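Worksheet: one structure, shown below.
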Amino acid sequence: GNSSPWGPDWCHSFAPAPANTPDSNNHLRDGSIKYILSGDGAGTTFTIDDSTGDIHAIKRLDREVKAQYLLRAQAWNRQTDRPLEPESEFIVKIQDINDNEPKFLEGPYQATIPEMSSIGTEVIRMTATDADDPTYGNSARVVYSILQGQPYFSVEAKTGVVRVSLAGMDREVRENYSVIIQAKDMGGQLGGLAGTTVVNITLSDVNDNPPMFDQKLYQMSVPELAPVSSVVGRIRAKDRDIGINAEMRYSIIDGDGRDTFDINTDPTNLFGIITIKKPLNFETKASYTLKIEGANTHLDHRFPDKGPFSHVTIVHVSVEDVDEPPEFSSAAYYIEVPEDTEISTVFMTVSARDPDAANTSIRYSIERNTDLGKYFYIDITSGALMTVLPLDREEFSWHNITVLAMEMNNPRMIGSVSVAVKILDVNDNPPLLTQYFEAFVCESANAGQLIQTVTAVDADDPLGGHHFYYSLALEAANNPNFTLRDNQDNTAWILTRRGGWSQQDQSVYYLPIFISDGEQPVQTSTSTLTIRVCSCDVEGNVMSCNAEAYHLPASLSRGALIAILACIFKPYLHDEEDNVHENIVRYDDEGGGEEDTEAFDIAAMWNPREAHLVGKQRQDMLPEIESLSRYVPLASVGGPGSGCGGGDSNVQGYVLAKLLETDLNPCAPPYDSLQTYAYEGEGSVAESLSSLQSGCSNTDHEYDYLNDWGPRFKKLAEMYGVLETNNPSIW
């Protein structure tokens with residue numbers, strides 16, 4: 001055996017009971033008694049000292065080989081060679097020790113489970129056998145553990161059941177797993193013996209992958225004299241699944257060739273065979289378009305979200321004349337081009353030849369319906385493809401163009417090939433805020449309060465994913481009101497730096513946020529977050545964000561009010577894309593209203609209908625845009641019975657007509673040179689509203705009252721007034 005406490009040195013004494021004879025003690029002392037041993041293992045496993053009766057084991061004992069021995073011993077008289085008493089029978093039991101490791105008698109094991117099995121799915125149940133005595137100690141108490149195969153599988157410590165521990169295992173990614181399971185006795189304690197086995201687990205296929213054609217457009221050709229039922233070509237919608245899960249059914253669902261061609265599935269149920277259904281005539285129709293669908297025939301309803309389990313492609317069938325068209329060196333081309341490729345860069349050269357004996361020269365072109373944007377150009381003789389417009393992956397990530405090869409001597413002989421151009425991404429777009437954010441802060445907000453979480457988007461698609469960095473713009477970095485915390489997860493928090501907010505002090509703050517991405521070259525942008533100060537209830541719900549009305553200073557003149565309001569509202573009325581002016585007249589000097597008789601021909605105002613016929617114009621510069629006054633009907637305002645007489649009524653009527661037209665048109669731009677001479681000048685109450693010569697005046701203009709008008713006039717106050725030192729910043 002392996003080991004035993006009763007090795008060859010083990011000893012047990014045997015002696016007969018005293019005899020009822022006077023000289024029995026003498027026999028014991030003079031060695032006249034001989035001891036004899038018989039039974040299981042006598043002479044081979046055990047031996048007895050015939051003089052002393054000591055029984056010895058002469059080889060190692062193994063309980064797992066033989067658990068007990070039945071022995072018989074007898075004392076004999078050496079002189080008479082007769083037994084002194086009957087045989088004594090006794091049993092030697094072998095006590096167990098932990099000398100056997102657990103063993104998997106049926107290993108290595110093979111198991112198969114479906115891919116995409118859920119966590120906890122039972123894979124296989126295994127049992128390890130320990131030859132030690134299960135009734136004695138923990139020598140045969142086995143505990144199971146996994147040595148290899150995590151995190152995909154696990155094993156139950158007591159039962160030896162192997163289960164799935166990772167969901168979504170995909171056969172198409174990895175099909176086979178080798179798992180090592182250990183069984184250890186002594187309840188898994190230190191010093192226990194262990195045995196291992198291998199479980200080879202295979203993922204069986206389920207229909208969890210949709211089919212897909214290799215190309216969006218297939219080019220096929222067939223001789224016009226080919227008989228009906230001839231094979232035109234075959235296509236395959238490849239499916240990453242196998243077996244019945246990859247079997248396909250093909251059908252023509254659209255196209256001008258539905259009645260001329262047919263498609264059937266081949267015996268393997270993998271390919272679609274396109275055949276001729278009706279006779280062809282090159283002179284009648286030289287090409288056909290087929291829209292073909294390939295669909296799985298065996299669907300697994302457990303995975304509806306993996307679908308749809310069908311795909312569509314276009315097959316262009318060219319009918320050949322007796323002469324054969326040019327053939328390309330490759331059935332299809334694929335090329336990757338960075339989106340920052342310079343214009344006129346040659347990125348690929350295609351090659352075609354005439355298969356006929358004449359071997360005529362070839363001329364190349366691009367099928368324009370495959371390059372409607374005209375991004376590419378091909379050299380007519382060499383077949384070199386180059387860019388002619390800037391490429392933008394964010395607009396088109398793929399260009400599938402068809403290159404045509406035409407025989408020079410016979411333009412009807414045209415071959416074609418599909419060129420798939422994949423546009424590689426370059427970091428050329430800055431990150432932007434997800435939307436124009438407008439936040440609010442309660443007047444009762446304390447320092448450190450979160451008021452807005454901002455996120456960004458980027459049209460680029462870096463390989464490692466987006467990583468945005470946020471910070472306040474430099475001009476707002478040290479502002480006392482708000483701070484920004486970059487959360488390092490493509491979001492940022494806007495927090496308050498102080499408390500004590502008041503709508504009366506400042507109702508709106510503008511916080512510029514600087515955003516950059518982590519790609520090279522780094523792209524950045526600055527967006528503004530509008531933060532309004534609002535009145536809130538005790539739970540922080542907004543009640544009002546409108547500041548109290550401000551009273552205008554009594555000393556403010558009407559002319560100043562008109563000038564300020566004109567400066568405020570002019571940017572909102574201005575339309576950059578439709579910048580139409582009534583008259584654009586550039587002045588280097590300024591007169592006093594009607595006193596200016598040099599800059600503009602007043603006759604155009606007296607008779608607007610004839611303004612375009614008047615020959616007198618400003619001498620130093622011609623108007624950039626012709627007057628539109630001739631399109632305004634004077635009958636709409638004023639008139640003989642209107643009460644406005646003389647020439648003044650014409651001028652006033654014209655002005656009112658233009659004013660009415662502008663009021664009724666919300667999209668009308670302001671008229672920069674709409675000059676109402678009757679209401680402006682040195683003699684008017686409003687005086688001159690122009691600031692062209694204000695720099696030459698000795699009079700100081702006081703605009704400090706703008707600071708009292710509230711947040712809406714703060715920008716004007718900053719431009720023309722003197723800001724108070726305690727006024728808050730815009731951020």
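Ligands are numbered from 1 in the order shown, chains are lettered A, B, ... in the order of the structure tokens, and residues start at 1 in each chain.
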Can you write out as CSV which residues of segment 455-490 of chain A fall within 10 Å of segment 520-529 of chain A, alongside each residue's closest atom pair and its distance in Å to one decimal, counting only C-alpha atoms and ordering rows by chain and ascending residue number?
residue,atom,partner,partner_atom,distance
A:Asp458,CA,A:Gln523,CA,9.7
A:Pro462,CA,A:Gln520,CA,10.0
A:Phe468,CA,A:Thr524,CA,9.6
A:Tyr469,CA,A:Thr524,CA,9.3
A:Tyr470,CA,A:Thr526,CA,9.8
A:Ser471,CA,A:Thr526,CA,9.6
A:Leu472,CA,A:Thr526,CA,8.8
A:Ala473,CA,A:Thr526,CA,7.2
Written file, previous selection with all heavy atoms, as a compact mmCIF listing (two decimals), in the first residue's frame:
# COMPACT_ATOMS: atom_id res chain seq x y z
N ASP A 458 -19.72 65.26 -29.95
CA ASP A 458 -18.67 65.46 -30.95
C ASP A 458 -19.01 64.61 -32.15
O ASP A 458 -19.26 63.41 -32.03
CB ASP A 458 -17.30 65.06 -30.37
CG ASP A 458 -16.14 65.54 -31.24
OD1 ASP A 458 -16.36 65.71 -32.46
OD2 ASP A 458 -15.04 65.71 -30.72
N PRO A 462 -13.76 58.74 -32.48
CA PRO A 462 -12.43 58.18 -32.20
C PRO A 462 -12.51 56.72 -31.80
O PRO A 462 -13.52 56.25 -31.27
CB PRO A 462 -11.94 59.05 -31.03
CG PRO A 462 -13.19 59.57 -30.39
CD PRO A 462 -14.19 59.74 -31.51
N PHE A 468 -14.09 64.13 -23.03
CA PHE A 468 -14.15 65.58 -23.06
C PHE A 468 -13.57 66.16 -21.77
O PHE A 468 -13.66 65.56 -20.70
CB PHE A 468 -15.60 66.06 -23.22
CG PHE A 468 -16.27 65.54 -24.46
CD1 PHE A 468 -17.50 64.89 -24.39
CD2 PHE A 468 -15.67 65.68 -25.69
CE1 PHE A 468 -18.11 64.40 -25.52
CE2 PHE A 468 -16.28 65.20 -26.84
CZ PHE A 468 -17.49 64.55 -26.75
N TYR A 469 -12.98 67.34 -21.91
CA TYR A 469 -12.41 68.06 -20.78
C TYR A 469 -13.12 69.42 -20.68
O TYR A 469 -13.23 70.14 -21.67
CB TYR A 469 -10.91 68.27 -20.96
CG TYR A 469 -10.15 66.97 -21.10
CD1 TYR A 469 -9.93 66.42 -22.36
CD2 TYR A 469 -9.68 66.28 -19.99
CE1 TYR A 469 -9.24 65.22 -22.51
CE2 TYR A 469 -8.99 65.09 -20.12
CZ TYR A 469 -8.78 64.56 -21.39
OH TYR A 469 -8.10 63.38 -21.53
N TYR A 470 -13.59 69.73 -19.49
CA TYR A 470 -14.37 70.94 -19.28
C TYR A 470 -13.60 71.88 -18.34
O TYR A 470 -12.91 71.45 -17.41
CB TYR A 470 -15.72 70.62 -18.64
CG TYR A 470 -16.60 69.69 -19.43
CD1 TYR A 470 -16.48 68.31 -19.33
CD2 TYR A 470 -17.57 70.19 -20.29
CE1 TYR A 470 -17.29 67.45 -20.05
CE2 TYR A 470 -18.40 69.35 -21.02
CZ TYR A 470 -18.25 67.99 -20.88
OH TYR A 470 -19.06 67.14 -21.59
N SER A 471 -13.76 73.15 -18.61
CA SER A 471 -13.25 74.17 -17.70
C SER A 471 -13.94 75.47 -18.04
O SER A 471 -14.58 75.61 -19.09
CB SER A 471 -11.72 74.33 -17.85
OG SER A 471 -11.39 74.78 -19.17
N LEU A 472 -13.84 76.41 -17.12
CA LEU A 472 -14.37 77.74 -17.41
C LEU A 472 -13.41 78.47 -18.34
O LEU A 472 -12.19 78.24 -18.31
CB LEU A 472 -14.56 78.52 -16.12
CG LEU A 472 -15.63 78.00 -15.15
CD1 LEU A 472 -15.71 78.89 -13.92
CD2 LEU A 472 -16.99 77.92 -15.84
N ALA A 473 -13.96 79.31 -19.22
CA ALA A 473 -13.11 80.11 -20.09
C ALA A 473 -12.20 80.99 -19.23
O ALA A 473 -12.50 81.31 -18.08
CB ALA A 473 -13.97 80.95 -21.03
Can you list every residue of segment 284-380 of chain A that has an atom at most 12 Å from segment 112-121 of chain A, with its nearest atom pair and the distance in Å to one decimal, using only C-alpha atoms, ordered by chain then number, as a Markdown table?
| residue | atom | partner | partner_atom | distance |
| --- | --- | --- | --- | --- |
| A:Arg302 | CA | A:Met116 | CA | 10.1 |
| A:Phe303 | CA | A:Met116 | CA | 9.6 |
| A:Lys306 | CA | A:Met116 | CA | 11.8 |
*Out of segment 204-426 of chain A, which residues get helix (DSSP H, G or I) from DSSP, as a PyMOL selection string?*
chain A and resi 243-246+304-306+368-370
Selected residues written out, N, CA and C atoms, as a PDB file, in the first residue's frame:
ATOM      1  N   GLY A 243     -24.902  25.756 -39.604  1.00  0.00           N
ATOM      2  CA  GLY A 243     -25.967  24.761 -39.651  1.00  0.00           C
ATOM      3  C   GLY A 243     -27.266  25.355 -40.157  1.00  0.00           C
ATOM      4  N   ILE A 244     -28.362  24.882 -39.587  1.00  0.00           N
ATOM      5  CA  ILE A 244     -29.666  25.355 -40.040  1.00  0.00           C
ATOM      6  C   ILE A 244     -29.863  26.834 -39.724  1.00  0.00           C
ATOM      7  N   ASN A 245     -29.109  27.358 -38.760  1.00  0.00           N
ATOM      8  CA  ASN A 245     -29.247  28.770 -38.417  1.00  0.00           C
ATOM      9  C   ASN A 245     -28.675  29.685 -39.486  1.00  0.00           C
ATOM     10  N   ALA A 246     -27.892  29.122 -40.414  1.00  0.00           N
ATOM     11  CA  ALA A 246     -27.314  29.919 -41.495  1.00  0.00           C
ATOM     12  C   ALA A 246     -28.013  29.678 -42.821  1.00  0.00           C
ATOM     13  N   PRO A 304     -35.342  38.213 -30.610  1.00  0.00           N
ATOM     14  CA  PRO A 304     -35.914  39.127 -31.603  1.00  0.00           C
ATOM     15  C   PRO A 304     -35.128  40.422 -31.734  1.00  0.00           C
ATOM     16  N   ASP A 305     -34.420  40.806 -30.662  1.00  0.00           N
ATOM     17  CA  ASP A 305     -33.682  42.055 -30.710  1.00  0.00           C
ATOM     18  C   ASP A 305     -32.423  41.955 -31.555  1.00  0.00           C
ATOM     19  N   LYS A 306     -32.024  40.749 -31.950  1.00  0.00           N
ATOM     20  CA  LYS A 306     -30.842  40.581 -32.793  1.00  0.00           C
ATOM     21  C   LYS A 306     -31.156  40.795 -34.274  1.00  0.00           C
ATOM     22  N   ARG A 368     -21.846  58.016 -62.704  1.00  0.00           N
ATOM     23  CA  ARG A 368     -22.173  59.208 -61.940  1.00  0.00           C
ATOM     24  C   ARG A 368     -23.301  58.994 -60.942  1.00  0.00           C
ATOM     25  N   ASN A 369     -24.205  58.063 -61.215  1.00  0.00           N
ATOM     26  CA  ASN A 369     -25.266  57.846 -60.233  1.00  0.00           C
ATOM     27  C   ASN A 369     -24.760  57.170 -58.969  1.00  0.00           C
ATOM     28  N   THR A 370     -23.509  56.734 -58.976  1.00  0.00           N
ATOM     29  CA  THR A 370     -22.898  56.210 -57.758  1.00  0.00           C
ATOM     30  C   THR A 370     -21.992  57.239 -57.092  1.00  0.00           C
TER      31      THR A 370
END
*Pick the closest to Ile253 of chain A from A:Arg63, A:His311, A:Arg72, A:Lys715: which is it, counting only C-alpha atoms?*
A:His311
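Distance check against Asn481 of chain A using only C-alpha atoms: of A:Val533, A:Ile292, A:Ala331, A:Val164, the minimum falls on A:Val533.
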*In Å to one decimal, how far is atom CA of Glu89 of chain A from atom CA of Tyr69 of chain A?*
10.6 Å
*asked:* What does the structure give for the distance between atom CA of Ile314 of chain A and atom CA of Asn264 of chain A, in Å to one decimal?
replied: 16.0 Å
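Around Thr313 of chain A, within 10 Å and counting only C-alpha atoms, the residues found are Met212, Phe213, Asp214, Gln215, Lys216, Leu217, Tyr218, Ile235, Ala237, Ile252, Leu290, Lys291, Ile292, Glu293, Gly294 and His316 of chain A, once anything fewer than 3 positions away on its own chain is removed.
All residues within segment 331-396 of chain A that the backbone DSSP calculation assigns to strand (DSSP E) are Ala332, Tyr333, Tyr334, Ile335, Glu336, Val337, Pro338, Val346, Phe347, Met348, Thr349, Ala352, Arg353, Ile362, Arg363, Tyr364, Ser365, Ile366, Phe376, Tyr377, Ile378, Ala384, Leu385, Met386 and Thr387 of chain A.
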Taking N, CA and C atoms for each residue, export the selection above as a CSV table (one decimal), in the first residue's frame.
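Dumped everything to out-v2.csv:
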chain,number,residue,atom,x,y,z
A,332,ALA,N,-13.9,43.2,-57.2
A,332,ALA,CA,-14.3,44.4,-56.4
A,332,ALA,C,-13.1,45.0,-55.8
A,333,TYR,N,-13.2,46.3,-55.5
A,333,TYR,CA,-12.1,47.0,-54.8
A,333,TYR,C,-12.5,47.6,-53.5
A,334,TYR,N,-11.6,47.6,-52.6
A,334,TYR,CA,-11.9,48.2,-51.3
A,334,TYR,C,-10.6,49.1,-50.9
A,335,ILE,N,-10.9,50.3,-50.4
A,335,ILE,CA,-9.8,51.2,-50.1
A,335,ILE,C,-10.2,52.0,-48.9
A,336,GLU,N,-9.3,52.4,-48.0
A,336,GLU,CA,-9.6,53.3,-46.9
A,336,GLU,C,-8.8,54.6,-47.1
A,337,VAL,N,-9.6,55.7,-47.0
A,337,VAL,CA,-9.0,57.0,-47.3
A,337,VAL,C,-9.3,57.9,-46.1
A,338,PRO,N,-8.3,58.6,-45.6
A,338,PRO,CA,-8.5,59.6,-44.5
A,338,PRO,C,-9.3,60.7,-45.0
A,346,VAL,N,-4.2,60.9,-55.6
A,346,VAL,CA,-4.5,59.6,-56.2
A,346,VAL,C,-4.4,58.6,-55.0
A,347,PHE,N,-5.5,57.9,-54.8
A,347,PHE,CA,-5.6,56.9,-53.7
A,347,PHE,C,-5.7,55.5,-54.2
A,348,MET,N,-6.0,55.3,-55.5
A,348,MET,CA,-6.1,53.9,-56.0
A,348,MET,C,-6.1,53.9,-57.5
A,349,THR,N,-5.6,52.9,-58.1
A,349,THR,CA,-5.6,52.7,-59.5
A,349,THR,C,-6.2,51.4,-59.8
A,352,ALA,N,-8.3,47.4,-66.0
A,352,ALA,CA,-9.2,46.6,-66.8
A,352,ALA,C,-8.5,46.3,-68.2
A,353,ARG,N,-8.9,45.2,-68.8
A,353,ARG,CA,-8.4,44.9,-70.2
A,353,ARG,C,-9.5,44.3,-71.0
A,362,ILE,N,-8.4,50.9,-73.4
A,362,ILE,CA,-9.5,51.0,-72.4
A,362,ILE,C,-9.6,52.5,-72.0
A,363,ARG,N,-10.8,53.0,-71.8
A,363,ARG,CA,-11.0,54.3,-71.3
A,363,ARG,C,-11.9,54.2,-70.0
A,364,TYR,N,-11.5,54.9,-68.9
A,364,TYR,CA,-12.2,54.7,-67.7
A,364,TYR,C,-13.1,55.9,-67.4
A,365,SER,N,-14.1,55.6,-66.6
A,365,SER,CA,-15.0,56.7,-66.1
A,365,SER,C,-15.7,56.2,-64.9
A,366,ILE,N,-16.4,57.1,-64.2
A,366,ILE,CA,-17.1,56.8,-63.0
A,366,ILE,C,-18.6,56.9,-63.3
A,376,PHE,N,-15.1,62.3,-56.7
A,376,PHE,CA,-13.9,61.6,-57.2
A,376,PHE,C,-13.8,61.8,-58.7
A,377,TYR,N,-12.6,61.6,-59.2
A,377,TYR,CA,-12.3,61.7,-60.6
A,377,TYR,C,-11.4,60.5,-60.9
A,378,ILE,N,-11.5,60.0,-62.1
A,378,ILE,CA,-10.7,58.9,-62.6
A,378,ILE,C,-10.0,59.3,-63.9
A,384,ALA,N,-6.4,55.9,-62.7
A,384,ALA,CA,-6.1,56.4,-61.3
A,384,ALA,C,-7.2,57.1,-60.7
A,385,LEU,N,-7.7,56.8,-59.6
A,385,LEU,CA,-8.8,57.4,-58.9
A,385,LEU,C,-8.2,58.5,-57.9
A,386,MET,N,-8.8,59.7,-58.0
A,386,MET,CA,-8.3,60.8,-57.1
A,386,MET,C,-9.5,61.5,-56.6
A,387,THR,N,-9.3,62.3,-55.6
A,387,THR,CA,-10.3,63.2,-55.0
A,387,THR,C,-10.4,64.5,-55.7
*Write out as a PyMOL selection string each polymer residue whose atoms come within 7 Å of Thr197 of chain A, counting only C-alpha atoms; drop sequence neighbours fewer than 3 positions from it.*
chain A and resi 104+107-108+180-182
*Could you check which of A:Leu656, A:Val312, A:Val319, A:Ala420 is closest to Ala286 of chain A, using only C-alpha atoms?*
A:Val319
*asked:* Neighbouring residues of Tyr177 of chain A were defined as those with any atom within 7 Å, considering only C-alpha atoms; residues of the same chain fewer than 6 positions away were excluded. Please report them as a PyMOL selection string.
replied: chain A and resi 200-202
For the selection you just gave me, I'd like the residues written to a file as a PDB file, in the first residue's frame, keeping N, CA, C and O atoms.
ATOM      1  N   ASN A 200     -14.021  19.994 -21.204  1.00  0.00           N
ATOM      2  CA  ASN A 200     -14.009  20.711 -22.473  1.00  0.00           C
ATOM      3  C   ASN A 200     -15.449  21.083 -22.835  1.00  0.00           C
ATOM      4  O   ASN A 200     -16.276  20.218 -23.116  1.00  0.00           O
ATOM      5  N   ILE A 201     -15.727  22.371 -22.799  1.00  0.00           N
ATOM      6  CA  ILE A 201     -17.094  22.869 -23.004  1.00  0.00           C
ATOM      7  C   ILE A 201     -17.164  23.536 -24.371  1.00  0.00           C
ATOM      8  O   ILE A 201     -16.340  24.394 -24.706  1.00  0.00           O
ATOM      9  N   THR A 202     -18.161  23.160 -25.144  1.00  0.00           N
ATOM     10  CA  THR A 202     -18.379  23.722 -26.477  1.00  0.00           C
ATOM     11  C   THR A 202     -19.708  24.454 -26.495  1.00  0.00           C
ATOM     12  O   THR A 202     -20.713  23.946 -25.990  1.00  0.00           O
TER      13      THR A 202
END
